[in-house]
file final_27.tsv (TSV, C-alpha atoms and all ligand atoms)
chain	number	residue	atom	x	y	z
A	1	MET	CA	49.79	139.13	202.04
A	2	THR	CA	47.04	138.84	199.43
A	3	THR	CA	45.06	135.60	199.91
A	4	LYS	CA	45.56	132.80	202.42
A	5	PRO	CA	47.95	130.32	200.79
A	6	GLU	CA	46.82	126.72	200.21
A	7	ARG	CA	50.42	125.62	200.39
A	8	VAL	CA	53.27	127.57	201.97
A	9	VAL	CA	56.47	127.01	200.00
A	10	LEU	CA	59.54	127.34	202.17
A	11	ILE	CA	62.85	128.51	200.76
A	12	GLY	CA	66.20	128.57	202.58
A	13	VAL	CA	68.91	131.11	201.78
A	14	ALA	CA	72.13	130.42	203.67
A	15	GLY	CA	75.45	132.19	203.92
A	16	ASP	CA	77.68	134.42	205.97
A	17	SER	CA	76.95	138.09	206.45
A	18	GLY	CA	77.97	140.22	203.44
A	19	CYS	CA	77.79	137.39	200.91
A	20	GLY	CA	75.01	138.78	198.70
A	21	LYS	CA	71.91	137.34	200.37
A	22	SER	CA	70.03	140.66	200.41
A	23	THR	CA	70.81	141.23	196.73
A	24	PHE	CA	69.48	137.78	195.96
A	25	LEU	CA	66.29	138.42	197.96
A	26	ARG	CA	65.68	141.57	195.94
A	27	ARG	CA	65.95	139.48	192.79
A	28	LEU	CA	63.44	136.98	194.24
A	29	ILE	CA	60.91	139.78	194.71
A	30	ASP	CA	60.99	140.30	190.91
A	31	LEU	CA	59.90	136.69	190.49
A	32	PHE	CA	57.34	136.36	193.25
A	33	GLY	CA	56.23	139.91	193.99
A	34	GLU	CA	56.50	141.58	197.39
A	35	GLU	CA	52.95	140.65	198.41
A	36	PHE	CA	53.47	136.93	197.83
A	37	MET	CA	56.73	136.58	199.72
A	38	THR	CA	57.65	136.94	203.39
A	39	VAL	CA	61.28	136.93	204.52
A	40	ILE	CA	62.28	135.69	207.95
A	41	CYS	CA	65.77	136.73	208.98
A	42	LEU	CA	67.11	134.00	211.25
A	43	ASP	CA	69.14	136.54	213.25
A	44	ASP	CA	65.82	136.99	215.05
A	45	TYR	CA	66.40	133.63	216.71
A	46	HIS	CA	69.59	134.75	218.47
A	47	SER	CA	69.06	133.69	222.07
A	48	LEU	CA	72.04	135.65	223.39
A	49	ASP	CA	72.06	139.37	222.83
A	50	ARG	CA	75.23	141.27	221.89
A	51	LYS	CA	76.20	141.96	225.51
A	52	GLN	CA	75.68	138.33	226.54
A	53	ARG	CA	77.75	137.12	223.59
A	54	LYS	CA	80.53	139.49	224.51
A	55	GLU	CA	80.50	138.33	228.13
A	56	THR	CA	80.50	134.64	227.29
A	57	GLY	CA	82.78	134.83	224.23
A	58	ILE	CA	80.16	132.94	222.20
A	59	THR	CA	79.71	134.29	218.67
A	60	ALA	CA	76.41	134.67	216.81
A	61	LEU	CA	77.54	131.86	214.50
A	62	ASP	CA	77.69	129.41	217.40
A	63	PRO	CA	74.52	127.31	217.78
A	64	ARG	CA	74.57	128.07	221.53
A	65	ALA	CA	73.72	131.68	220.70
A	66	ASN	CA	70.59	130.65	218.78
A	67	ASN	CA	67.26	129.10	219.72
A	68	PHE	CA	66.80	126.29	217.21
A	69	ASP	CA	63.83	124.76	219.04
A	70	LEU	CA	61.84	127.95	218.68
A	71	MET	CA	63.06	128.40	215.09
A	72	TYR	CA	61.82	124.93	214.20
A	73	GLU	CA	58.47	125.28	216.00
A	74	GLN	CA	57.72	128.64	214.39
A	75	ILE	CA	58.82	127.75	210.85
A	76	LYS	CA	56.83	124.52	211.07
A	77	ALA	CA	53.79	126.48	212.24
A	78	LEU	CA	54.15	128.94	209.35
A	79	LYS	CA	54.45	126.10	206.88
A	80	GLU	CA	51.28	124.60	208.31
A	81	GLY	CA	49.52	127.91	207.71
A	82	HIS	CA	49.51	129.34	211.25
A	83	GLU	CA	50.64	132.80	212.28
A	84	ILE	CA	53.57	133.10	214.68
A	85	ASN	CA	54.83	135.47	217.31
A	86	LYS	CA	58.39	135.89	216.08
A	87	PRO	CA	61.15	137.41	218.21
A	88	ILE	CA	63.14	140.34	216.79
A	89	TYR	CA	66.89	140.82	217.06
A	90	ASN	CA	67.70	144.49	216.87
A	91	HIS	CA	70.99	145.05	215.03
A	92	GLU	CA	71.10	148.69	216.09
A	93	THR	CA	70.93	148.10	219.83
A	94	GLY	CA	72.21	144.53	219.87
A	95	MET	CA	69.19	143.57	222.01
A	96	ILE	CA	66.20	141.30	221.62
A	97	ASP	CA	63.06	143.38	221.01
A	98	PRO	CA	59.43	142.42	221.77
A	99	PRO	CA	58.09	139.87	219.25
A	100	GLU	CA	55.96	140.61	216.18
A	101	ILE	CA	53.17	138.66	214.50
A	102	VAL	CA	54.08	137.04	211.19
A	103	LYS	CA	51.38	135.52	209.01
A	104	PRO	CA	51.95	132.65	206.58
A	105	ASN	CA	52.43	133.62	202.96
A	106	HIS	CA	52.67	131.83	199.60
A	107	ILE	CA	56.46	131.94	199.76
A	108	VAL	CA	58.32	132.11	203.05
A	109	VAL	CA	62.05	132.66	202.75
A	110	VAL	CA	64.21	131.87	205.75
A	111	GLU	CA	67.55	133.56	205.33
A	112	GLY	CA	70.64	133.91	207.42
A	113	LEU	CA	73.47	132.06	209.05
A	114	HIS	CA	71.73	128.77	209.92
A	115	PRO	CA	68.78	127.76	207.71
A	116	LEU	CA	70.33	124.36	207.01
A	117	TYR	CA	71.98	123.73	210.37
A	118	ASP	CA	69.19	122.04	212.32
A	119	GLU	CA	67.96	118.90	210.59
A	120	ARG	CA	64.36	119.54	211.65
A	121	VAL	CA	64.36	122.99	210.01
A	122	ARG	CA	66.22	121.59	207.01
A	123	GLY	CA	63.53	118.96	206.59
A	124	LEU	CA	60.89	121.65	206.20
A	125	LEU	CA	62.59	123.46	203.31
A	126	ASP	CA	61.30	122.94	199.77
A	127	PHE	CA	64.36	124.46	198.11
A	128	SER	CA	67.62	125.93	199.36
A	129	VAL	CA	70.69	127.83	198.24
A	130	TYR	CA	74.03	128.34	199.97
A	131	PHE	CA	76.23	131.33	199.12
A	132	ASP	CA	79.80	130.08	199.15
A	133	ILE	CA	82.10	133.05	198.77
A	134	SER	CA	85.82	132.32	198.81
A	135	ASP	CA	87.90	134.13	201.42
A	136	GLU	CA	89.68	136.28	198.84
A	137	VAL	CA	86.41	137.59	197.40
A	138	LYS	CA	84.67	137.90	200.77
A	139	ILE	CA	87.49	140.10	202.04
A	140	ALA	CA	87.37	142.28	198.91
A	141	TRP	CA	83.57	142.78	199.16
A	142	LYS	CA	83.54	143.38	202.88
A	143	ILE	CA	86.42	145.83	202.76
A	144	GLN	CA	84.80	147.73	199.92
A	145	ARG	CA	81.43	147.93	201.72
A	146	ASP	CA	82.56	148.47	205.30
A	147	MET	CA	85.23	151.02	204.43
A	148	ALA	CA	83.21	152.95	201.84
A	149	GLU	CA	79.78	152.81	203.46
A	150	ARG	CA	80.43	152.33	207.15
A	151	GLY	CA	83.70	154.17	207.70
A	152	HIS	CA	85.57	151.15	209.12
A	153	ARG	CA	89.36	150.84	208.94
A	154	TYR	CA	91.01	148.19	206.74
A	155	GLU	CA	92.69	146.43	209.72
A	156	ASP	CA	89.40	146.30	211.66
A	157	VAL	CA	87.51	144.73	208.77
A	158	LEU	CA	90.20	142.12	208.33
A	159	ALA	CA	90.31	141.42	212.07
A	160	ALA	CA	86.51	141.03	212.15
A	161	ILE	CA	86.60	138.52	209.29
A	162	ASN	CA	89.42	136.54	210.89
A	163	SER	CA	87.77	136.44	214.30
A	164	ARG	CA	84.62	134.87	212.77
A	165	LYS	CA	86.56	132.33	210.76
A	166	PRO	CA	86.85	129.40	213.24
A	167	ASP	CA	83.11	129.38	214.00
A	168	PHE	CA	82.27	130.03	210.36
A	169	GLN	CA	84.19	126.91	209.38
A	170	LYS	CA	82.66	124.88	212.22
A	171	TYR	CA	79.00	125.89	211.97
A	172	ILE	CA	78.18	127.77	208.76
A	173	GLU	CA	80.24	126.31	205.95
A	174	PRO	CA	79.25	122.65	206.58
A	175	GLN	CA	75.66	123.54	205.67
A	176	ARG	CA	76.59	123.72	202.00
A	177	GLU	CA	76.44	119.92	201.96
A	178	PHE	CA	72.65	120.13	202.26
A	179	ALA	CA	71.82	122.89	199.78
A	180	ASP	CA	70.06	122.17	196.47
A	181	VAL	CA	72.13	124.89	194.82
A	182	VAL	CA	75.53	126.15	195.94
A	183	LEU	CA	76.78	129.39	194.39
A	184	GLN	CA	80.56	129.48	194.60
A	185	VAL	CA	82.34	132.76	193.98
A	186	LEU	CA	86.05	132.41	193.33
A	187	PRO	CA	88.97	134.44	191.98
A	188	THR	CA	89.19	134.40	188.20
A	189	ASN	CA	91.37	131.94	186.32
A	190	LEU	CA	91.66	134.40	183.44
A	191	ILE	CA	94.15	136.78	185.08
A	192	LYS	CA	97.30	135.37	186.57
A	193	ASP	CA	97.74	136.36	190.25
A	194	ASP	CA	94.77	138.73	190.17
A	195	THR	CA	94.43	140.75	193.38
A	196	GLU	CA	91.72	143.19	192.27
A	197	ARG	CA	88.86	140.65	192.56
A	198	LYS	CA	86.77	142.57	190.04
A	199	VAL	CA	86.68	139.67	187.59
A	200	LEU	CA	85.16	136.58	189.18
A	201	ARG	CA	84.74	132.89	188.49
A	202	VAL	CA	81.28	131.80	189.58
A	203	ARG	CA	80.05	128.23	189.79
A	204	MET	CA	76.50	127.00	190.22
A	205	LEU	CA	76.41	123.52	191.72
A	206	GLN	CA	73.01	121.94	191.16
A	207	ARG	CA	72.01	118.84	193.07
A	208	GLU	CA	71.13	115.85	190.89
A	209	GLY	CA	68.23	113.56	191.73
A	210	LYS	CA	66.01	115.97	193.70
A	211	GLU	CA	62.40	115.41	192.76
A	212	GLY	CA	61.16	118.11	190.40
A	213	PHE	CA	64.50	119.92	190.15
A	214	GLU	CA	65.92	119.73	186.65
A	215	PRO	CA	69.41	121.24	186.58
A	216	ALA	CA	70.12	123.74	183.83
A	217	TYR	CA	72.76	122.66	181.31
A	218	LEU	CA	74.83	123.97	178.45
A	219	PHE	CA	74.47	122.46	174.95
A	220	ASP	CA	74.14	118.76	175.76
A	221	GLU	CA	72.96	117.27	179.05
A	222	GLY	CA	75.50	115.03	180.76
A	223	SER	CA	78.44	116.11	178.65
A	224	THR	CA	81.46	118.22	179.57
A	225	ILE	CA	81.77	121.54	177.76
A	226	ASN	CA	84.34	124.31	177.77
A	227	TRP	CA	83.00	127.24	175.80
A	228	THR	CA	84.53	130.58	174.88
A	229	PRO	CA	81.50	132.59	173.75
A	230	CYS	CA	83.42	135.75	172.87
A	231	GLY	CA	83.29	136.76	169.23
A	232	ARG	CA	80.69	138.07	166.88
A	233	LYS	CA	77.72	137.59	169.24
A	234	LEU	CA	79.29	138.40	172.58
A	235	THR	CA	81.53	141.38	173.12
A	236	CYS	CA	84.34	140.61	175.54
A	237	SER	CA	87.09	142.97	176.53
A	238	TYR	CA	90.16	141.81	178.49
A	239	PRO	CA	90.37	139.20	180.02
A	240	GLY	CA	87.51	137.61	178.07
A	241	MET	CA	84.99	135.04	179.22
A	242	GLN	CA	85.00	131.30	179.68
A	243	LEU	CA	82.04	129.00	180.37
A	244	TYR	CA	82.10	125.45	181.65
A	245	TYR	CA	79.49	122.74	182.13
A	246	GLY	CA	80.08	119.29	183.56
A	247	SER	CA	79.27	116.99	186.44
A	248	ASP	CA	81.05	116.49	189.71
A	249	VAL	CA	80.72	114.77	193.06
A	250	TYR	CA	80.11	117.10	196.00
A	251	TYR	CA	79.93	115.71	199.54
A	252	GLY	CA	79.41	112.26	197.99
A	253	ARG	CA	76.52	113.30	195.74
A	254	TYR	CA	76.32	114.06	192.03
A	255	VAL	CA	75.98	117.69	191.03
A	256	SER	CA	75.70	119.43	187.66
A	257	VAL	CA	78.09	122.32	187.48
A	258	LEU	CA	77.75	125.48	185.42
A	259	GLU	CA	80.55	128.02	185.50
A	260	VAL	CA	81.02	131.55	184.19
A	261	ASP	CA	84.46	133.15	184.46
A	262	GLY	CA	84.76	136.78	183.34
A	263	GLN	CA	82.33	139.64	182.92
A	264	PHE	CA	79.72	140.82	180.45
A	265	ASP	CA	80.56	144.01	178.57
A	266	ASN	CA	77.06	144.40	177.24
A	267	LEU	CA	74.21	143.00	179.36
A	268	GLU	CA	71.78	142.86	176.41
A	269	GLU	CA	74.07	140.25	174.85
A	270	VAL	CA	73.55	137.83	177.75
A	271	ILE	CA	70.68	136.47	175.69
A	272	TYR	CA	73.28	134.80	173.50
A	273	ILE	CA	74.42	132.73	176.51
A	274	GLU	CA	70.83	132.16	177.63
A	275	THR	CA	69.81	130.66	174.29
A	276	HIS	CA	72.53	128.03	174.61
A	277	LEU	CA	71.29	126.90	178.01
A	278	SER	CA	68.46	124.40	178.54
A	279	ASN	CA	66.24	123.74	181.57
A	280	THR	CA	66.42	127.36	182.65
A	281	SER	CA	62.79	127.29	183.87
A	282	THR	CA	62.08	130.55	182.03
A	283	LYS	CA	58.58	131.20	180.66
A	284	TYR	CA	59.91	132.66	177.40
A	285	GLN	CA	63.28	132.87	175.72
A	286	GLY	CA	65.12	135.89	177.00
A	287	GLU	CA	63.41	136.06	180.39
A	288	LEU	CA	66.64	135.41	182.27
A	289	THR	CA	68.37	138.26	180.42
A	290	GLN	CA	65.34	140.48	180.97
A	291	LEU	CA	65.43	139.85	184.73
A	292	LEU	CA	69.11	140.68	184.82
A	293	LEU	CA	68.57	143.87	182.83
A	294	GLN	CA	65.81	144.94	185.18
A	295	HIS	CA	68.42	145.66	187.87
A	296	ARG	CA	71.70	146.23	186.12
A	297	GLU	CA	72.71	148.39	189.10
A	298	TYR	CA	72.72	145.47	191.57
A	299	PRO	CA	76.19	144.23	192.51
A	300	GLY	CA	77.27	141.36	190.28
A	301	SER	CA	74.78	141.98	187.47
A	302	ASN	CA	77.61	142.03	184.95
A	303	ASN	CA	79.05	138.66	185.88
A	304	GLY	CA	78.20	135.10	186.93
A	305	THR	CA	76.99	136.13	190.39
A	306	GLY	CA	73.99	138.01	189.00
A	307	PHE	CA	73.44	135.52	186.20
A	308	PHE	CA	73.33	132.50	188.52
A	309	GLN	CA	71.31	134.34	191.17
A	310	VAL	CA	68.61	134.90	188.57
A	311	LEU	CA	68.82	131.28	187.39
A	312	THR	CA	68.53	130.05	190.99
A	313	GLY	CA	65.49	132.30	191.47
A	314	LEU	CA	63.91	130.78	188.36
A	315	LYS	CA	64.48	127.30	189.82
A	316	MET	CA	62.74	128.44	193.02
A	317	ARG	CA	59.80	129.74	191.03
A	318	ALA	CA	59.59	126.39	189.19
A	319	THR	CA	59.57	124.59	192.58
A	320	TYR	CA	56.80	126.87	193.81
A	321	GLU	CA	54.70	126.29	190.70
A	322	ARG	CA	55.21	122.54	190.82
A	323	LEU	CA	54.31	122.23	194.50
A	324	THR	CA	51.28	124.48	194.35
A	325	ALA	CA	49.98	122.79	191.19
A	326	LYS	CA	50.31	119.41	192.93
A	327	GLU	CA	48.42	120.76	195.92
A	328	ALA	CA	45.67	122.17	193.73
A	329	LYS	CA	45.35	118.80	191.98
A	330	LEU	CA	45.07	117.01	195.34
A	331	ALA	CA	42.40	119.46	196.47
A	332	VAL	CA	40.36	118.70	193.33
A	333	GLN	CA	40.69	114.94	193.92
A	334	VAL	CA	39.46	115.06	197.54
A	401	LIG	N1	77.91	139.94	193.32
A	401	LIG	C1	78.56	140.90	193.96
A	401	LIG	N2	79.57	141.55	193.38
A	401	LIG	C2	80.26	142.51	194.05
A	401	LIG	N3	79.98	142.88	195.32
A	401	LIG	C3	78.98	142.26	195.92
A	401	LIG	C4	78.20	141.24	195.29
A	401	LIG	N4	77.27	140.80	196.16
A	401	LIG	C5	77.45	141.50	197.27
A	401	LIG	N5	78.48	142.37	197.14
A	401	LIG	C6	78.99	143.31	198.15
A	401	LIG	O1	78.67	142.79	199.42
A	401	LIG	C7	77.80	143.71	200.10
A	401	LIG	C8	76.75	142.89	200.86
A	401	LIG	O2	75.82	142.35	199.96
A	401	LIG	P1	74.40	141.94	200.50
A	401	LIG	O3	73.85	143.06	201.34
A	401	LIG	O4	73.60	141.47	199.35
A	401	LIG	O5	74.84	140.71	201.43
A	401	LIG	P2	74.18	140.07	202.72
A	401	LIG	O6	74.61	138.66	202.74
A	401	LIG	O7	72.73	140.31	202.74
A	401	LIG	O8	74.87	140.88	203.88
A	401	LIG	P3	74.35	141.19	205.38
A	401	LIG	O9	73.89	139.90	205.95
A	401	LIG	O10	75.60	141.71	206.05
A	401	LIG	O11	73.28	142.23	205.25
A	401	LIG	C9	77.23	144.63	199.02
A	401	LIG	O12	76.95	145.92	199.51
A	401	LIG	C10	78.37	144.68	198.03
A	401	LIG	O13	79.33	145.62	198.46
A	402	LIG	O1	76.46	137.46	211.34
A	402	LIG	C1	75.52	138.14	211.59
A	402	LIG	C2	74.29	137.91	210.81
A	402	LIG	O2	73.77	139.07	210.23
A	402	LIG	C3	75.59	139.15	212.69
A	402	LIG	O3	76.93	139.35	213.00
A	402	LIG	C4	74.85	138.64	213.92
A	402	LIG	O4	73.47	138.57	213.63
A	402	LIG	C5	75.08	139.58	215.11
A	402	LIG	O5	74.64	140.86	214.80
A	402	LIG	P1	75.30	142.16	215.45
A	402	LIG	O6	76.73	142.16	214.99
A	402	LIG	O7	74.49	143.31	214.88
A	402	LIG	O8	75.17	142.03	216.92

call {"tool": "encode", "arguments": {"input": "final_27.tsv", "output": "structure tokens", "more": "lines below"}}
Ligand SMILES: Nc1ncnc2c1ncn2[C@@H]1O[C@H](COP(=O)(O)OP(=O)(O)OP(=O)(O)O)[C@@H](O)[C@H]1O
Ligand SMILES: O=C(CO)[C@H](O)[C@H](O)COP(=O)(O)O
result
Amino acid sequence: MTTKPERVVLIGVAGDSGCGKSTFLRRLIDLFGEEFMTVICLDDYHSLDRKQRKETGITALDPRANNFDLMYEQIKALKEGHEINKPIYNHETGMIDPPEIVKPNHIVVVEGLHPLYDERVRGLLDFSVYFDISDEVKIAWKIQRDMAERGHRYEDVLAAINSRKPDFQKYIEPQREFADVVLQVLPTNLIKDDTERKVLRVRMLQREGKEGFEPAYLFDEGSTINWTPCGRKLTCSYPGMQLYYGSDVYYGRYVSVLEVDGQFDNLEEVIYIETHLSNTSTKYQGELTQLLLQHREYPGSNNGTGFFQVLTGLKMRATYERLTAKEAKLAVQV
């Protein structure tokens, strides 16, 4: 960490394992810089180690396997500018290692299975995102990663996903109600009965009415737009690309919805889409495209997952700048 922060801004990143959280965190580093940002993985608050979970039949997704009191106390302390002695969950051994000291930083990101589960922790967050990956896509990603990179068998990957499902639905998924942004990743509507899951339909649900958060919109705020951008300015091969903007009610609250279905053939041309969006929280026109281009190798850079991850990051940066400016103003007034 560089200098002691006047105001720690706390960001929550929620979702199941293998849903793209690490990729998103790498994109956040582009916006905040490594020095300015500290990531706390909430797996470190598992209170039952792997052996204990196996013996009791309690999964890591179950709140009984996690110490929410300690999570709350330590995240609150960090937000108040104090260092903490954070436990470490060791994924290699499945055991809980001796704790480590974590100092407060300008941005503290709490990521993992439960950042929005406990209402006390939730209340501390300044901005949050939930990664909502549909079963079809989750299975395709997990199978691709675990088979290619970890040598697992197809049946084992599927069995692992299915065994987590009841607790996922009980304890993880309900948190999406509380997120400021929900990124939904769904099968495409552009290919009938698609089973490949290469082309994706991605929706960014942005909470309305949160102080300081101005949802991005396409063309005209408050309207409903279906846009096919393919043509002279955007190259689209089969099956093309479709954008949507409109409003919806999500868990009883208004949200602005942006949707991208399809994939970009030429990443440089994303600027064409960017120029038709407003409230992107960019510092100059083309910044969103530039950020995407910076890591074209990241998974999802050529479709709505990468595009909306960058846009969500920009919203987090805007939150940081707003909160720290307010703090600086207060300091001057005192
Ligand atoms: N947008 C995407 N498009 C295609 N595949 C993706 C995308 N995002 C993630 N994946 C796949 O899922 C894998 C996991 O992604 P990532 O490591 O970002 O997720 P995670 O939520 O941090 O997972 P974990 O908690 O298990 O570490 C990637 O290696 C990749 O195979
Ligand atoms: O859902 C998870 C979050 O990453 C893990 O499954 C959980 O943390 C348990 O880890 P492990 O399987 O290494 O014991």

call {"tool": "residues_near_ligand", "arguments": {"input": "final_27.tsv", "ligand": "ligand LIG 401 (chain A)", "cutoff": "8 Å", "atoms": "all atoms listed in the file", "output": "list in words"}}
result
Gly15, Asp16, Ser17, Gly18, Cys19, Gly20, Lys21, Ser22, Thr23, Phe24, Gly112, Lys138, Trp141, Lys142, Gln144, Arg145, Lys198, Tyr298, Pro299, Gly300, Ser301, Asn303, Thr305 and Gly306 of chain A

call {"tool": "closest_residue", "arguments": {"input": "final_27.tsv", "among": "A:Ile225, A:Leu113, A:Ile107, A:Met204", "to": "ligand LIG 402 (chain A)", "atoms": "only C-alpha atoms and all ligand atoms"}}
result
A:Leu113

call {"tool": "residues_around", "arguments": {"input": "final_27.tsv", "residues": "Ile133 (chain A)", "least_positions_apart": "6", "cutoff": "7 Å", "atoms": "all atoms listed in the file", "output": "list of chain:residue names"}}
result
A:Cys19, A:Gln184, A:Val185, A:Leu186

call {"tool": "residues_near_ligand", "arguments": {"input": "final_27.tsv", "ligand": "ligand LIG 402 (chain A)", "cutoff": "12 Å", "atoms": "only C-alpha atoms and all ligand atoms", "output": "PyMOL selection string"}}
result
chain A and resi 14-22+41-54+58-63+65-66+88-96+111-115+160-161+163-165+167-168+171-172

call {"tool": "atom_distance", "arguments": {"input": "final_27.tsv", "atom1": "CA of Ile84 (chain A)", "atom2": "CA of Ala179 (chain A)"}}
result
25.7 Å

call {"tool": "atom_distance", "arguments": {"input": "final_27.tsv", "atom1": "CA of Lys192 (chain A)", "atom2": "CA of Thr312 (chain A)"}}
result
29.6 Å

call {"tool": "atom_distance", "arguments": {"input": "final_27.tsv", "atom1": "CA of Ala140 (chain A)", "atom2": "CA of Arg197 (chain A)"}}
result
6.7 Å

call {"tool": "residues_around", "arguments": {"input": "final_27.tsv", "residues": "region 313-322 of chain A", "least_positions_apart": "5", "cutoff": "9 Å", "atoms": "all atoms listed in the file", "output": "JSON, numbers by chain"}}
result
{"A": [8, 9, 10, 11, 24, 25, 27, 28, 31, 32, 106, 107, 126, 127, 128, 212, 213, 214, 215, 216, 280, 281, 282, 288, 308, 327]}

call {"tool": "closest_residue", "arguments": {"input": "final_27.tsv", "among": "A:Leu267, A:Val310, A:Cys236, A:Val102", "to": "Arg26 (chain A)", "atoms": "all atoms listed in the file"}}
result
A:Val310

call {"tool": "residues_around", "arguments": {"input": "final_27.tsv", "residues": "Thr224 (chain A)", "least_positions_apart": "3", "cutoff": "8 Å", "atoms": "all atoms listed in the file", "output": "VMD selection string"}}
result
chain A and resid 244 to 247
